[in-house]
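Structure file run.cif (mmCIF, C-alpha atoms and all ligand atoms) follows.
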```cif
data_protein
#
loop_
_atom_site.label_atom_id
_atom_site.label_comp_id
_atom_site.auth_asym_id
_atom_site.auth_seq_id
_atom_site.Cartn_x
_atom_site.Cartn_y
_atom_site.Cartn_z
CA MET A 1494 5.24 -78.27 -26.37
CA VAL A 1495 5.50 -81.54 -28.29
CA ASP A 1496 7.55 -84.59 -27.22
CA TYR A 1497 9.52 -84.83 -30.47
CA ASP A 1498 10.00 -82.85 -33.69
CA ALA A 1499 9.42 -86.09 -35.59
CA VAL A 1500 8.13 -89.56 -34.85
CA VAL A 1501 9.12 -92.23 -37.38
CA VAL A 1502 7.05 -95.44 -37.48
CA GLY A 1503 9.22 -98.38 -38.56
CA ALA A 1504 12.93 -99.14 -38.24
CA GLY A 1505 13.47 -100.44 -41.77
CA PRO A 1506 15.73 -98.74 -44.33
CA ALA A 1507 13.11 -96.07 -45.16
CA GLY A 1508 12.44 -95.04 -41.57
CA LEU A 1509 16.09 -95.20 -40.48
CA THR A 1510 17.16 -92.99 -43.38
CA ALA A 1511 14.45 -90.38 -42.70
CA ALA A 1512 15.44 -90.42 -39.01
CA LEU A 1513 19.13 -89.98 -39.87
CA TYR A 1514 18.48 -86.95 -42.09
CA LEU A 1515 16.18 -85.32 -39.53
CA ALA A 1516 18.60 -85.92 -36.66
CA ARG A 1517 21.51 -84.52 -38.68
CA GLY A 1518 19.32 -81.42 -39.10
CA LYS A 1519 19.43 -81.19 -35.28
CA HIS A 1520 15.84 -82.30 -34.77
CA ARG A 1521 14.64 -84.56 -31.97
CA VAL A 1522 13.56 -87.84 -33.49
CA LEU A 1523 11.96 -90.98 -32.08
CA VAL A 1524 11.75 -94.19 -34.10
CA VAL A 1525 8.98 -96.51 -32.87
CA SER A 1526 9.11 -100.00 -34.34
CA GLU A 1527 7.55 -103.34 -33.56
CA LYS A 1528 10.86 -104.89 -34.56
CA ILE A 1529 14.23 -103.19 -34.85
CA PHE A 1530 17.06 -105.60 -35.64
CA ASP A 1531 14.81 -108.51 -36.63
CA GLY A 1532 12.54 -106.71 -39.12
CA PRO A 1533 12.36 -107.97 -42.72
CA VAL A 1534 15.80 -106.71 -43.77
CA GLY A 1535 17.53 -107.94 -40.62
CA LEU A 1536 16.48 -111.49 -41.50
CA LEU A 1537 17.92 -111.55 -45.03
CA GLU A 1538 20.91 -113.83 -45.44
CA LEU A 1539 22.53 -111.97 -48.34
CA ILE A 1540 21.56 -108.79 -50.20
CA GLU A 1541 23.30 -108.60 -53.56
CA ASN A 1542 21.64 -105.55 -55.13
CA TYR A 1543 22.24 -102.83 -52.55
CA PRO A 1544 24.91 -100.54 -54.00
CA GLY A 1545 28.27 -100.23 -52.28
CA PHE A 1546 28.73 -103.90 -51.36
CA PRO A 1547 30.35 -105.71 -54.31
CA ASP A 1548 30.24 -109.07 -52.51
CA GLY A 1549 26.78 -108.49 -51.05
CA VAL A 1550 25.93 -107.77 -47.43
CA SER A 1551 23.89 -109.64 -44.85
CA GLY A 1552 20.64 -107.94 -43.84
CA GLY A 1553 21.67 -108.09 -40.18
CA GLU A 1554 24.93 -106.26 -40.89
CA LEU A 1555 23.17 -103.61 -42.99
CA ILE A 1556 20.39 -102.84 -40.49
CA ASP A 1557 22.86 -102.89 -37.58
CA ALA A 1558 24.98 -100.25 -39.36
CA MET A 1559 21.90 -98.11 -40.15
CA VAL A 1560 20.71 -98.21 -36.51
CA THR A 1561 24.21 -97.40 -35.22
CA GLN A 1562 24.55 -94.49 -37.66
CA ALA A 1563 21.17 -93.03 -36.62
CA SER A 1564 22.00 -93.54 -32.91
CA ASN A 1565 25.29 -91.67 -33.42
CA TYR A 1566 23.15 -88.60 -34.22
CA ASP A 1567 20.98 -89.13 -31.10
CA VAL A 1568 17.96 -90.72 -32.76
CA GLU A 1569 15.96 -92.42 -29.99
CA PHE A 1570 14.38 -95.87 -30.36
CA GLU A 1571 11.35 -97.51 -28.78
CA THR A 1572 10.21 -101.08 -29.45
CA ASP A 1573 6.42 -101.07 -29.63
CA ARG A 1574 3.58 -101.23 -32.14
CA VAL A 1575 1.78 -98.08 -33.24
CA SER A 1576 -1.97 -98.68 -32.99
CA SER A 1577 -3.26 -95.33 -34.31
CA VAL A 1578 -2.26 -91.80 -35.18
CA GLU A 1579 -4.46 -88.71 -35.05
CA LYS A 1580 -3.76 -85.06 -35.70
CA THR A 1581 -5.10 -82.33 -33.46
CA GLU A 1582 -4.41 -78.85 -34.85
CA ASP A 1583 -0.67 -78.96 -35.69
CA THR A 1584 0.24 -81.95 -33.55
CA PHE A 1585 0.38 -85.66 -34.37
CA VAL A 1586 -0.60 -87.93 -31.50
CA THR A 1587 0.84 -91.43 -31.92
CA ALA A 1588 -0.77 -94.12 -29.76
CA LEU A 1589 1.19 -97.27 -28.94
CA ASP A 1590 -0.05 -100.73 -27.95
CA SER A 1591 1.48 -100.13 -24.50
CA GLY A 1592 -1.01 -97.28 -24.00
CA GLU A 1593 1.65 -94.57 -24.30
CA LYS A 1594 0.84 -91.50 -26.46
CA ILE A 1595 3.60 -89.48 -28.11
CA THR A 1596 3.22 -86.03 -29.70
CA SER A 1597 5.21 -84.65 -32.63
CA LYS A 1598 5.16 -81.99 -35.35
CA ILE A 1599 6.08 -84.48 -38.11
CA LEU A 1600 5.04 -88.09 -38.61
CA VAL A 1601 7.00 -90.29 -41.01
CA ALA A 1602 5.18 -93.57 -41.71
CA ALA A 1603 7.67 -96.25 -42.79
CA SER A 1604 6.02 -99.44 -41.59
CA GLY A 1605 6.71 -101.78 -44.52
CA SER A 1606 4.58 -104.77 -45.43
CA ARG A 1607 3.50 -108.23 -44.29
CA HIS A 1608 2.98 -111.45 -46.23
CA ARG A 1609 -0.25 -112.00 -48.18
CA LYS A 1610 -2.03 -115.25 -47.35
CA LEU A 1611 -3.20 -117.93 -49.80
CA ASN A 1612 -6.53 -118.24 -47.95
CA VAL A 1613 -6.93 -121.95 -48.69
CA PRO A 1614 -8.01 -124.75 -46.33
CA GLY A 1615 -5.19 -125.89 -44.05
CA GLU A 1616 -3.17 -122.66 -44.21
CA SER A 1617 -4.18 -121.12 -40.87
CA GLU A 1618 -4.29 -124.43 -38.99
CA LEU A 1619 -0.83 -125.47 -40.20
CA THR A 1620 0.93 -122.10 -39.88
CA ASP A 1621 4.10 -122.70 -37.86
CA HIS A 1622 3.48 -126.46 -38.25
CA GLY A 1623 5.10 -126.59 -41.67
CA VAL A 1624 3.56 -123.47 -43.25
CA PHE A 1625 6.02 -120.58 -43.03
CA ASN A 1626 7.01 -117.27 -44.64
CA CYS A 1627 10.74 -116.88 -44.08
CA ALA A 1628 13.29 -119.37 -45.37
CA PHE A 1629 16.14 -117.64 -43.57
CA CYS A 1630 14.32 -117.89 -40.22
CA ASP A 1631 12.74 -121.36 -40.47
CA GLY A 1632 14.58 -123.14 -43.30
CA GLY A 1633 16.70 -125.10 -40.79
CA LYS A 1634 13.61 -127.11 -39.82
CA PHE A 1635 13.49 -128.68 -43.29
CA ILE A 1636 16.99 -130.09 -43.72
CA GLY A 1637 16.79 -133.12 -46.02
CA LYS A 1638 12.99 -132.77 -46.44
CA PRO A 1639 10.87 -131.86 -49.49
CA VAL A 1640 9.51 -128.31 -49.44
CA VAL A 1641 7.05 -126.33 -51.58
CA VAL A 1642 7.55 -122.61 -52.28
CA VAL A 1643 4.39 -120.86 -53.45
CA GLY A 1644 5.24 -117.73 -55.44
CA GLY A 1645 7.68 -117.14 -58.30
CA GLY A 1646 8.56 -113.47 -57.73
CA ASP A 1647 11.97 -112.22 -56.61
CA ALA A 1648 11.28 -112.91 -52.95
CA GLY A 1649 9.90 -116.43 -53.54
CA ILE A 1650 12.77 -117.41 -55.83
CA THR A 1651 15.37 -115.99 -53.44
CA GLU A 1652 13.85 -118.11 -50.69
CA ALA A 1653 13.64 -121.19 -52.95
CA LEU A 1654 17.35 -120.89 -53.81
CA TYR A 1655 18.24 -120.64 -50.13
CA LEU A 1656 16.02 -123.63 -49.27
CA SER A 1657 17.56 -125.71 -52.07
CA LYS A 1658 20.79 -125.79 -50.02
CA LEU A 1659 18.91 -127.38 -47.09
CA ALA A 1660 15.88 -129.28 -48.39
CA SER A 1661 15.97 -132.57 -50.31
CA HIS A 1662 13.83 -131.04 -53.05
CA VAL A 1663 12.11 -127.70 -53.62
CA TYR A 1664 8.92 -127.39 -55.71
CA VAL A 1665 8.28 -123.80 -56.87
CA LEU A 1666 4.62 -123.21 -57.73
CA GLU A 1667 3.58 -120.06 -59.62
CA PHE A 1668 0.03 -119.09 -60.52
CA LEU A 1669 1.05 -117.07 -63.62
CA PRO A 1670 2.19 -118.76 -66.86
CA GLN A 1671 5.82 -117.83 -66.09
CA LEU A 1672 7.99 -116.78 -63.16
CA LYS A 1673 8.01 -113.07 -62.32
CA ALA A 1674 11.48 -113.06 -60.77
CA THR A 1675 14.33 -111.16 -62.44
CA ALA A 1676 16.30 -112.99 -65.14
CA VAL A 1677 19.41 -113.58 -63.01
CA LEU A 1678 17.35 -115.32 -60.33
CA GLN A 1679 15.42 -117.34 -62.90
CA ASP A 1680 18.70 -118.60 -64.41
CA LYS A 1681 19.84 -119.75 -60.97
CA VAL A 1682 16.57 -121.52 -60.17
CA TYR A 1683 16.44 -123.39 -63.49
CA GLU A 1684 20.11 -124.42 -63.06
CA ALA A 1685 19.53 -125.89 -59.57
CA GLU A 1686 19.33 -129.69 -59.69
CA ASN A 1687 16.88 -130.09 -56.80
CA ILE A 1688 14.35 -127.41 -57.78
CA THR A 1689 11.28 -128.16 -59.91
CA VAL A 1690 9.27 -125.21 -61.26
CA GLN A 1691 5.59 -125.48 -62.14
CA CYS A 1692 3.87 -122.39 -63.59
CA GLY A 1693 0.15 -121.86 -64.26
CA VAL A 1694 -0.89 -123.82 -61.18
CA SER A 1695 -2.74 -122.83 -58.02
CA VAL A 1696 -2.62 -124.35 -54.55
CA THR A 1697 -6.13 -125.30 -53.47
CA GLU A 1698 -5.36 -126.90 -50.09
CA ILE A 1699 -2.52 -127.47 -47.67
CA LEU A 1700 -2.69 -131.04 -46.43
CA GLY A 1701 -1.72 -132.54 -43.09
CA GLU A 1702 -2.99 -133.62 -39.67
CA GLY A 1703 -1.17 -131.43 -37.15
CA VAL A 1704 1.84 -131.03 -39.47
CA VAL A 1705 2.14 -130.40 -43.21
CA SER A 1706 2.21 -133.50 -45.42
CA GLY A 1707 1.73 -131.87 -48.83
CA VAL A 1708 -0.28 -129.54 -51.02
CA ARG A 1709 -3.16 -130.05 -53.42
CA VAL A 1710 -2.49 -128.27 -56.71
CA LYS A 1711 -4.82 -127.45 -59.59
CA ALA A 1712 -3.51 -126.78 -63.11
CA GLY A 1713 -5.14 -124.44 -65.65
CA THR A 1714 -6.47 -127.54 -67.44
CA GLY A 1715 -8.50 -128.36 -64.32
CA ASP A 1716 -6.35 -131.39 -63.43
CA SER A 1717 -5.44 -131.77 -59.76
CA GLU A 1718 -2.44 -133.45 -58.17
CA THR A 1719 -0.91 -133.83 -54.72
CA ILE A 1720 2.70 -132.88 -54.05
CA ASP A 1721 4.18 -134.48 -50.93
CA ALA A 1722 6.11 -131.97 -48.83
CA GLU A 1723 6.90 -131.32 -45.18
CA GLY A 1724 7.16 -127.56 -45.52
CA VAL A 1725 5.18 -124.94 -47.46
CA LEU A 1726 6.66 -121.47 -47.78
CA VAL A 1727 4.06 -118.93 -48.95
CA ASP A 1728 5.49 -115.87 -50.70
CA ILE A 1729 2.74 -114.49 -52.95
CA GLY A 1730 3.15 -110.80 -52.31
CA LEU A 1731 2.95 -108.30 -49.55
CA LEU A 1732 0.27 -106.16 -47.92
CA PRO A 1733 1.15 -102.72 -46.54
CA ASN A 1734 1.09 -102.25 -42.74
CA THR A 1735 -1.03 -99.11 -42.76
CA SER A 1736 -4.14 -99.84 -40.67
CA TYR A 1737 -2.92 -97.44 -37.95
CA LEU A 1738 -3.18 -94.59 -40.50
CA SER A 1739 -6.76 -95.28 -41.55
CA GLU A 1740 -8.33 -92.66 -39.26
CA LEU A 1741 -5.83 -90.03 -40.40
CA ILE A 1742 -5.80 -90.34 -44.20
CA SER A 1743 -7.72 -92.24 -46.83
CA LEU A 1744 -5.86 -95.34 -47.92
CA GLU A 1745 -5.93 -96.78 -51.42
CA LYS A 1746 -7.87 -99.99 -51.92
CA SER A 1747 -4.57 -101.89 -51.71
CA GLY A 1748 -3.79 -100.20 -48.37
CA HIS A 1749 -0.98 -98.07 -49.86
CA VAL A 1750 -0.79 -94.30 -49.33
CA SER A 1751 -0.50 -91.83 -52.19
CA VAL A 1752 2.42 -89.36 -51.95
CA ASN A 1753 4.06 -86.69 -54.10
CA GLU A 1754 7.74 -86.67 -55.14
CA GLN A 1755 8.63 -85.22 -51.71
CA MET A 1756 6.98 -88.25 -50.03
CA ALA A 1757 4.46 -85.78 -48.60
CA THR A 1758 0.76 -86.64 -48.31
CA SER A 1759 -2.42 -84.57 -48.34
CA ILE A 1760 -1.99 -84.14 -44.55
CA ASP A 1761 0.57 -81.42 -43.68
CA GLY A 1762 3.53 -82.97 -41.87
CA LEU A 1763 2.65 -86.58 -42.74
CA PHE A 1764 5.27 -88.28 -44.91
CA VAL A 1765 4.88 -91.86 -46.14
CA VAL A 1766 7.94 -93.79 -47.34
CA GLY A 1767 9.18 -97.20 -48.46
CA ASP A 1768 7.04 -100.22 -49.31
CA ILE A 1769 3.79 -98.65 -48.04
CA ARG A 1770 3.69 -95.75 -50.47
CA THR A 1771 1.93 -96.01 -53.82
CA SER A 1772 4.11 -97.35 -56.66
CA SER A 1773 7.06 -98.20 -54.45
CA PRO A 1774 9.57 -100.38 -56.32
CA GLY A 1775 9.74 -102.42 -53.10
CA GLN A 1776 13.51 -102.38 -52.76
CA ILE A 1777 15.93 -101.43 -49.99
CA SER A 1778 17.59 -98.83 -52.20
CA SER A 1779 14.27 -97.21 -53.12
CA ALA A 1780 13.22 -97.21 -49.44
CA VAL A 1781 16.48 -95.41 -48.59
CA GLY A 1782 15.79 -92.86 -51.37
CA ASP A 1783 12.27 -92.28 -50.05
CA GLY A 1784 13.61 -91.79 -46.54
CA ALA A 1785 16.15 -89.21 -47.75
CA ALA A 1786 13.46 -87.28 -49.69
CA ALA A 1787 11.09 -87.27 -46.70
CA GLY A 1788 13.90 -86.29 -44.30
CA ILE A 1789 14.97 -83.32 -46.44
CA HIS A 1790 11.42 -82.03 -47.00
CA ALA A 1791 10.43 -82.59 -43.36
CA ILE A 1792 13.42 -80.46 -42.28
CA ARG A 1793 12.24 -77.68 -44.62
CA LEU A 1794 8.73 -77.89 -43.17
CA LEU A 1795 10.06 -77.76 -39.60
CA GLN A 1796 12.10 -74.65 -40.53
CA GLN A 1797 8.91 -72.97 -41.78
CA LEU A 1798 7.08 -73.89 -38.58
CA GLU A 1799 9.81 -72.42 -36.33
C1 LIG B 1801 12.25 -112.50 -48.59
C2 LIG B 1801 12.54 -111.10 -49.02
C3 LIG B 1801 13.74 -110.83 -49.68
C4 LIG B 1801 14.03 -109.54 -50.09
N1 LIG B 1801 15.23 -109.32 -50.72
C5 LIG B 1801 15.56 -108.07 -51.11
C6 LIG B 1801 16.82 -107.80 -51.74
O1 LIG B 1801 17.65 -108.70 -51.94
N2 LIG B 1801 17.08 -106.51 -52.10
C7 LIG B 1801 16.21 -105.49 -51.91
O2 LIG B 1801 16.52 -104.35 -52.26
N3 LIG B 1801 15.03 -105.71 -51.31
C8 LIG B 1801 14.66 -106.96 -50.91
N4 LIG B 1801 13.45 -107.20 -50.30
C9 LIG B 1801 12.51 -106.05 -50.13
C10 LIG B 1801 12.92 -105.16 -48.96
O3 LIG B 1801 13.09 -105.96 -47.80
C11 LIG B 1801 11.86 -104.07 -48.72
O4 LIG B 1801 11.60 -103.37 -49.92
C12 LIG B 1801 12.33 -103.09 -47.66
O5 LIG B 1801 12.61 -103.75 -46.44
C13 LIG B 1801 11.27 -102.00 -47.40
O6 LIG B 1801 11.76 -101.15 -46.42
P1 LIG B 1801 10.78 -100.30 -45.49
O7 LIG B 1801 11.69 -99.45 -44.67
O8 LIG B 1801 9.72 -99.68 -46.30
O9 LIG B 1801 10.02 -101.35 -44.55
P2 LIG B 1801 10.53 -102.59 -43.68
O10 LIG B 1801 11.94 -102.94 -43.98
O11 LIG B 1801 9.47 -103.62 -43.89
O12 LIG B 1801 10.48 -102.04 -42.19
C14 LIG B 1801 9.25 -101.70 -41.59
C15 LIG B 1801 9.39 -101.79 -40.08
O13 LIG B 1801 8.16 -101.28 -39.51
C16 LIG B 1801 7.76 -102.08 -38.42
N5 LIG B 1801 6.30 -101.94 -38.25
C17 LIG B 1801 5.31 -102.42 -39.04
N6 LIG B 1801 4.08 -102.03 -38.58
C18 LIG B 1801 4.33 -101.29 -37.46
C19 LIG B 1801 3.49 -100.62 -36.53
N7 LIG B 1801 2.15 -100.58 -36.64
N8 LIG B 1801 4.08 -99.98 -35.49
C20 LIG B 1801 5.43 -99.97 -35.34
N9 LIG B 1801 6.28 -100.60 -36.20
C21 LIG B 1801 5.73 -101.23 -37.25
C22 LIG B 1801 8.21 -103.49 -38.80
O14 LIG B 1801 8.42 -104.27 -37.64
C23 LIG B 1801 9.53 -103.20 -39.55
O15 LIG B 1801 10.63 -103.27 -38.68
C24 LIG B 1801 13.12 -108.48 -49.86
C25 LIG B 1801 11.93 -108.73 -49.19
C26 LIG B 1801 11.62 -110.04 -48.78
C27 LIG B 1801 10.31 -110.31 -48.06
#
```
In structure tokens, how does this file's structure come out?
Ligand SMILES: Cc1cc2nc3c(=O)[nH]c(=O)nc-3n(C[C@H](O)[C@H](O)[C@H](O)COP(=O)(O)OP(=O)(O)OC[C@H]3O[C@@H](n4cnc5c(N)ncnc54)[C@H](O)[C@@H]3O)c2cc1C
Amino acid sequence: MVDYDAVVVGAGPAGLTAALYLARGKHRVLVVSEKIFDGPVGLLELIENYPGFPDGVSGGELIDAMVTQASNYDVEFETDRVSSVEKTEDTFVTALDSGEKITSKILVAASGSRHRKLNVPGESELTDHGVFNCAFCDGGKFIGKPVVVVGGGDAGITEALYLSKLASHVYVLEFLPQLKATAVLQDKVYEAENITVQCGVSVTEILGEGVVSGVRVKAGTGDSETIDAEGVLVDIGLLPNTSYLSELISLEKSGHVSVNEQMATSIDGLFVVGDIRTSSPGQISSAVGDGAAAGIHAIRLLQQLE
């Protein structure tokens, strides 16, 4: 006898959607997540590209509604970190940091990603002393101060635009010859009066004694310069949170997990959804789609097992 029909790792849009579908199929579902309301989506100030909200929606409002909807169908929640998962015969055994072990017939991995580091001198020492990853969480510390944003993708530019409302000046630094962000975001960033964009440059050091005082930047020409700043937001991509799966399935070099169109893996009963699956578009709407696909196919598998 297993504890649950399905354990879902991660209370982001992918995991919450898979849990909703499974619970509506009358299956017992537990969502285990390190963070529930304050995961990556919960911290977003405004989401403008999730369908159904013509004026946008705050991440907190969206995740709150998803958790409430899943709870209405008796999905259970536990706040903890999954440390490992193993499969013995037909049963998944999910081990938590607290020492608890939970058994299930299905495991849906939906654990999202974490920020990639620059790995330059000063970064580790000055993290939380001016080096940060989330404008919406920590931007208030930099009101009226100059700030650097490293990374010109959608996430970095979104954060730079938010910071431009608080900081005295925002310097966006991108390693590639041009920004990677979508055209609409690029238009906004180039229109902002207090944002300067520099492409084709790399940060070689974060400067400061105890707190950030600036960054050292090297251009493609080899020239170096110092930009004075009191905050450095690093947003140069994401790494999948999949280490807890490494004993169960082989991960790609990037840490992602390969799935088929049903979000199923080479391990029967293991579904992988959202940002951590190979070729994920990395969007809330695609995470929701993945969760729905996994939920539907997990229900079919459970029917076969009964
Ligand atoms: C700054 C920023 C802005 C963004 N803006 C947008 C936007 O405007 N529109 C859009 O569509 N997308 C946006 N995205 C992308 C979007 O947030 C992700 O694509 C989406 O959240 C992925 O959903 P997910 O369910 O796969 O994972 P997540 O939302 O990352 O949720 C994963 C959950 O798993 C938990 N977890 C991780 N490891 C473990 C573990 N070992 N054990 C237990 N729990 C664990 C985490 O705490 C988290 O709660 C943005 C991302 C960032 C960083």
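The environment of Gly1693 of chain A within 12 Å, counting all atoms listed in the file and disregarding residues fewer than 5 places along the same chain, consists of Val1643, Gly1644, Gly1645, Val1665, Leu1666, Glu1667, Phe1668, Leu1669, Pro1670, Gln1671, Leu1672, Lys1673, Val1710, Lys1711, Ala1712, Gly1713, Thr1714, Gly1715 and Asp1716 of chain A.
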Please write the residues from the selection above to a file, keeping C-alpha atoms, as a tab-separated table (two decimals), keeping the file's coordinate frame.
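Listed below is the output, result.tsv:
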```tsv
chain	number	residue	atom	x	y	z
A	1643	VAL	CA	4.39	-120.86	-53.45
A	1644	GLY	CA	5.24	-117.73	-55.44
A	1645	GLY	CA	7.68	-117.14	-58.30
A	1665	VAL	CA	8.28	-123.80	-56.87
A	1666	LEU	CA	4.62	-123.21	-57.73
A	1667	GLU	CA	3.58	-120.06	-59.62
A	1668	PHE	CA	0.03	-119.09	-60.52
A	1669	LEU	CA	1.05	-117.07	-63.62
A	1670	PRO	CA	2.19	-118.76	-66.86
A	1671	GLN	CA	5.82	-117.83	-66.09
A	1672	LEU	CA	7.99	-116.78	-63.16
A	1673	LYS	CA	8.01	-113.07	-62.32
A	1710	VAL	CA	-2.49	-128.27	-56.71
A	1711	LYS	CA	-4.82	-127.45	-59.59
A	1712	ALA	CA	-3.51	-126.78	-63.11
A	1713	GLY	CA	-5.14	-124.44	-65.65
A	1714	THR	CA	-6.47	-127.54	-67.44
A	1715	GLY	CA	-8.50	-128.36	-64.32
A	1716	ASP	CA	-6.35	-131.39	-63.43
```
Next item on the list: Kindly provide, as number ranges by chain, all nucleotide and amino acid residues lying within 6 Å of ligand LIG 1801 (chain B), counting only C-alpha atoms and all ligand atoms.
Entry: A: 1502-1508, 1525-1529, 1532-1534, 1540-1543, 1573-1576, 1603-1606, 1648, 1734, 1767-1768, 1775-1778, 1780
Notebook entry, point to check: Which of these, A:Ala1516, A:Val1578, A:Val1752, A:Ala1602, has the shortest distance to Asn1565 of chain A once you count only C-alpha atoms?
Noted result: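 Answer, going by the shortest atom-to-atom distance: A:Ala1516.
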Quick one: axis-aligned box around all listed atoms of segment 1505-1517 of chain A, 5 Å on every side, centre and edge lengths in Å to one decimal, written as JSON.
```
{"center_x": 17.0, "center_y": -92.5, "center_z": -40.9, "size_x": 19.1, "size_y": 25.9, "size_z": 18.5}
```
Notebook entry, point to check: Within 12 Å of Val1500 of chain A, counting all atoms listed in the file, which residues qualify if same-chain residues fewer than 4 places away don't, as JSON, numbers by chain?
Noted result: {"A": [1495, 1496, 1504, 1508, 1509, 1511, 1512, 1515, 1516, 1520, 1521, 1522, 1523, 1524, 1525, 1526, 1568, 1569, 1570, 1571, 1575, 1578, 1584, 1585, 1586, 1587, 1588, 1589, 1594, 1595, 1596, 1597, 1598, 1599, 1600, 1601, 1602, 1603, 1762, 1763, 1764, 1765, 1788, 1791]}
Check: Pick from A:Ile1650, A:Ala1787, A:Ala1558, A:Cys1630: nearest to Val1501 of chain A, with all atoms listed in the file counted?
Finding: A:Ala1787
Check: From the list A:Ile1760, A:Phe1530, A:Ser1779, A:Ile1769, which residue is nearest Glu1582 of chain A when using all atoms listed in the file?
Finding: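 Selected residue with least distance to Glu1582 of chain A: A:Ile1760.
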Next item on the list: Determine, counting all atoms listed in the file, which protein, DNA and RNA residues have an atom within 8 Å of an atom of segment 1607-1614 of chain A; residues of the same chain fewer than 3 positions away are not included. Present the result as a list in words.
Entry: Ser1617, Asn1626, Val1696, Thr1697, Glu1698, Ile1699, Val1727, Asp1728, Ile1729, Gly1730, Leu1731, Leu1732, Pro1733 and Asn1734 of chain A
Next item on the list: Grab the atom CA of Ser1661 of chain A to atom CA of Lys1638 of chain A distance for me, in Å with one decimal place.
Entry: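 Atom CA of Lys1638 of chain A lies 4.9 Å from atom CA of Ser1661 of chain A.
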Notebook entry, point to check: Distance atom CA of Ser1759 of chain A-atom CA of Leu1798 of chain A, one decimal place?
Noted result: 17.3 Å
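The residue that comes closest to Ser1657 of chain A, out of A:Thr1675, A:Thr1689, A:Thr1719, A:Thr1561 and on the basis of only C-alpha atoms, is A:Thr1689.
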Notebook entry, point to check: How many Å lie between atom CA of Leu1555 of chain A and atom CA of Ile1792 of chain A, rounded to one decimal?
Noted result: 25.1 Å
Margin query: Could you check the closest approach to Gln1691 of chain A for each of A:Glu1718, A:Gly1553, A:Asp1548, A:Val1677 and tell me which residue wins, using all atoms listed in the file?
Written below: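 Closest to Gln1691 of chain A of all the choices is A:Glu1718.
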